[in-house]
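Undergrad: Enclosed is the structure file run09.cif (mmCIF, C-alpha atoms).
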data_target
loop_
_atom_site.label_atom_id
_atom_site.label_comp_id
_atom_site.auth_asym_id
_atom_site.auth_seq_id
_atom_site.Cartn_x
_atom_site.Cartn_y
_atom_site.Cartn_z
CA MET A 1 67.57 76.41 89.02
CA ARG A 2 66.07 77.89 92.15
CA MET A 3 68.39 75.86 94.47
CA LEU A 4 71.51 77.23 92.73
CA PHE A 5 70.25 80.83 92.82
CA LEU A 6 69.61 80.92 96.59
CA PRO A 7 73.19 80.03 97.68
CA LEU A 8 74.54 82.66 95.28
CA LEU A 9 72.38 85.29 96.97
CA MET A 10 73.70 84.26 100.38
CA LEU A 11 77.37 84.46 99.32
CA PRO A 12 77.77 88.25 99.84
CA ALA A 13 76.32 87.94 103.36
CA VAL A 14 78.74 85.13 104.21
CA ILE A 15 81.72 87.11 102.85
CA LEU A 16 80.65 90.27 104.66
CA GLY A 17 80.28 88.35 107.92
CA ALA A 18 83.78 86.90 107.56
CA CYS A 19 85.25 90.40 107.15
CA THR A 20 83.51 91.99 110.12
CA GLN A 21 85.74 92.89 113.07
CA THR A 22 84.67 91.96 116.54
CA GLN A 23 84.75 94.46 119.38
CA ALA A 24 87.79 92.61 120.78
CA ASP A 25 89.59 93.01 117.42
CA VAL A 26 88.86 96.74 117.42
CA GLU A 27 90.09 97.12 121.01
CA ARG A 28 93.33 95.19 120.28
CA ALA A 29 93.99 97.41 117.25
CA GLN A 30 93.43 100.54 119.36
CA VAL A 31 95.86 99.28 122.02
CA ARG A 32 98.50 98.50 119.35
CA LYS A 33 98.06 101.94 117.80
CA ALA A 34 98.36 103.67 121.19
CA ASP A 35 101.51 101.62 121.94
CA VAL A 36 103.07 102.63 118.61
CA GLN A 37 102.23 106.30 119.22
CA GLU A 38 103.76 106.13 122.70
CA LYS A 39 107.01 104.62 121.35
CA LEU A 40 107.14 107.26 118.61
CA ALA A 41 106.65 110.05 121.14
CA LYS A 42 109.52 108.64 123.26
CA GLU A 43 111.83 108.59 120.22
CA LEU A 44 111.07 112.23 119.43
CA ALA A 45 111.03 113.47 123.04
CA GLY A 46 113.22 116.55 123.52
CA LEU A 47 113.37 117.26 119.77
CA VAL A 48 111.63 120.13 118.02
CA PRO A 49 110.00 119.67 114.58
CA GLY A 50 111.16 121.94 111.78
CA LYS A 51 109.87 122.86 108.35
CA PRO A 52 108.98 119.80 106.24
CA GLU A 53 111.39 119.00 103.42
CA THR A 54 110.54 117.35 100.12
CA CYS A 55 113.83 115.40 99.89
CA ILE A 56 116.70 114.35 102.12
CA SER A 57 120.13 113.05 101.17
CA GLN A 58 120.68 109.33 101.54
CA PHE A 59 124.22 110.07 102.69
CA PRO A 60 125.61 110.04 105.33
CA GLN A 61 124.15 106.66 106.22
CA LYS A 62 121.02 106.97 108.35
CA GLN A 63 119.54 104.46 110.76
CA SER A 64 115.86 103.83 109.97
CA SER A 65 113.18 102.56 112.32
CA GLY A 66 109.46 102.09 111.92
CA TYR A 67 106.53 103.07 114.11
CA GLY A 68 103.32 102.03 112.36
CA ALA A 69 103.18 103.98 109.08
CA THR A 70 105.89 106.40 110.29
CA ILE A 71 109.57 105.95 109.46
CA LEU A 72 112.28 107.75 111.42
CA TYR A 73 115.74 108.35 109.94
CA ARG A 74 118.28 109.07 112.67
CA VAL A 75 121.21 111.09 111.31
CA ASN A 76 122.77 111.64 114.76
CA ASN A 77 121.66 112.31 118.34
CA GLY A 78 120.59 115.84 117.43
CA LEU A 79 118.77 115.21 114.13
CA VAL A 80 116.00 112.80 113.21
CA TYR A 81 113.83 112.95 110.06
CA ARG A 82 110.23 111.77 110.28
CA SER A 83 108.26 110.61 107.23
CA ASP A 84 104.63 109.59 107.56
CA THR A 85 104.21 107.09 104.76
CA VAL A 86 101.18 105.95 102.85
CA GLY A 87 101.12 102.59 104.67
CA GLY A 88 102.56 99.21 103.79
CA CYS A 89 106.07 99.38 105.37
CA GLU A 90 104.99 98.60 108.92
CA GLY A 91 107.15 95.46 108.81
CA ILE A 92 110.33 97.39 109.55
CA ALA A 93 109.11 97.70 113.16
CA ARG A 94 109.52 93.92 113.45
CA GLY A 95 112.89 93.86 111.70
CA ASP A 96 112.08 93.73 107.99
CA ILE A 97 114.63 95.32 105.67
CA LEU A 98 113.69 98.64 104.05
CA VAL A 99 114.89 98.94 100.45
CA THR A 100 114.76 102.18 98.47
CA ARG A 101 115.83 102.77 94.90
CA THR A 102 116.63 106.25 93.76
CA PRO A 103 118.94 107.44 91.00
CA SER A 104 119.48 110.85 92.60
CA GLY A 105 121.02 109.86 95.94
CA GLN A 106 118.05 111.46 97.70
CA LEU A 107 114.88 110.14 99.27
CA CYS A 108 111.93 112.25 98.20
CA ARG A 109 108.23 112.56 98.98
CA GLY A 110 106.39 110.11 96.72
CA ASP A 111 109.33 107.71 96.35
CA ILE A 112 108.36 104.10 96.85
CA ALA A 113 110.16 101.80 99.27
CA GLN A 114 109.78 98.05 99.73
CA THR A 115 110.22 95.86 102.78
CA PHE A 116 111.70 92.36 102.78
CA ASP A 117 111.82 89.62 105.39
CA GLN A 118 115.40 89.31 106.70
CA THR A 119 115.43 85.52 106.62
CA SER A 120 113.46 84.54 103.52
CA ARG A 121 114.16 87.75 101.54
CA PHE A 122 110.54 87.66 100.37
CA PRO A 123 108.83 91.05 99.92
CA THR A 124 106.51 91.93 102.78
CA GLY A 125 105.18 95.36 101.77
CA SER A 126 105.72 98.68 100.07
CA CYS A 127 104.95 102.30 100.87
CA SER A 128 105.28 105.82 99.54
CA PHE A 129 107.15 108.46 101.54
CA GLY A 130 105.52 111.64 102.77
CA ASP A 131 107.41 114.84 103.55
CA PHE A 132 110.53 114.55 105.68
CA VAL A 133 110.16 116.60 108.85
CA PRO A 134 113.46 117.33 110.63
CA TYR A 135 113.39 117.03 114.42
CA ARG A 136 116.34 118.75 116.12
CA LYS A 137 117.58 119.33 119.63
CA PRO A 138 116.71 122.89 120.68
#
Output the file's structure in the form of structure tokens.
TA:
Amino acid sequence: MRMLFLPLLMLPAVILGACTQTQADVERAQVRKADVQEKLAKELAGLVPGKPETCISQFPQKQSSGYGATILYRVNNGLVYRSDTVGGCEGIARGDILVTRTPSGQLCRGDIAQTFDQTSRFPTGSCSFGDFVPYRKP
């Protein structure tokens, strides 16, 4: 009885040790985050943020791109909408397909989107939209 009890007590320590990030892991994550923020800043350079909107029309067709948990919808060269999502759709930065379902023809804060691998068509994540902030040329 005692031999069985001791390994069970050690199990949480083993699991916790397996989940601990090393300093190198932390540093790599910080570099990736800084790289994403730099790319996002380049995309929005020269544009001025406006008042956040709760919903945007899905039409005309918009080009979407991902930067970490942020999705940009480019309407044209003078208008880009930014939505900071509640994580999970980061795969669109590597080419995953973003799929939204809405009966109203609008994308709204709180709507849920899913991402799918282009080749396998398997789901890779999901996220919830935040407000849509318009960025315009001054």
Undergrad: Starting from the displayed file, determine the output of the PyMOL selection byres ((chain A and resi 115-128) around 12) and express the residue list as a VMD selection string.
TA: chain A and resid 66 68 to 71 83 to 101 107 to 114 129 to 132
Undergrad: Any chance you could resolve the PyMOL selection byres ((chain A and resi 49) around 12) against this file and give the residues as a VMD selection string?
TA: chain A and resid 44 to 48 50 to 53 78 to 83 132 to 138
Undergrad: Got a sec to resolve the PyMOL selection byres ((chain A and resi 56-59) around 7) on this structure and send the residues as a list in words?
TA: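 Taken over the shown coordinates, the PyMOL selection byres ((chain A and resi 56-59) around 7) returns Cys55, Pro60, Gln61, Gly105, Gln106, Leu107 and Cys108 of chain A.
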Undergrad: Find the distance between atom CA of Glu43 of chain A and atom CA of Ala24 of chain A and write it in Å to one decimal.
TA: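 One can read the atom CA of Glu43 of chain A to atom CA of Ala24 of chain A distance as 28.9 Å.
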Undergrad: Restricting the calculation to only C-alpha atoms: of A:Gln21, A:Lys62, A:Tyr67, A:Ser104, which residue gets closest to Lys42 of chain A?
TA: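 Ranked by minimum distance to Lys42 of chain A, first place goes to A:Tyr67.
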Undergrad: Could you work out how far atom CA of Ser65 of chain A lies from atom CA of Lys33 of chain A, giving the answer in Å with one decimal?
TA: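 Going from atom CA of Lys33 of chain A over to atom CA of Ser65 of chain A, I get 16.1 Å.
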Undergrad: How many Å lie between atom CA of Leu72 of chain A and atom CA of Arg28 of chain A, rounded to one decimal?
TA: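 For atom CA of Leu72 of chain A relative to atom CA of Arg28 of chain A, the distance reads 24.4 Å.
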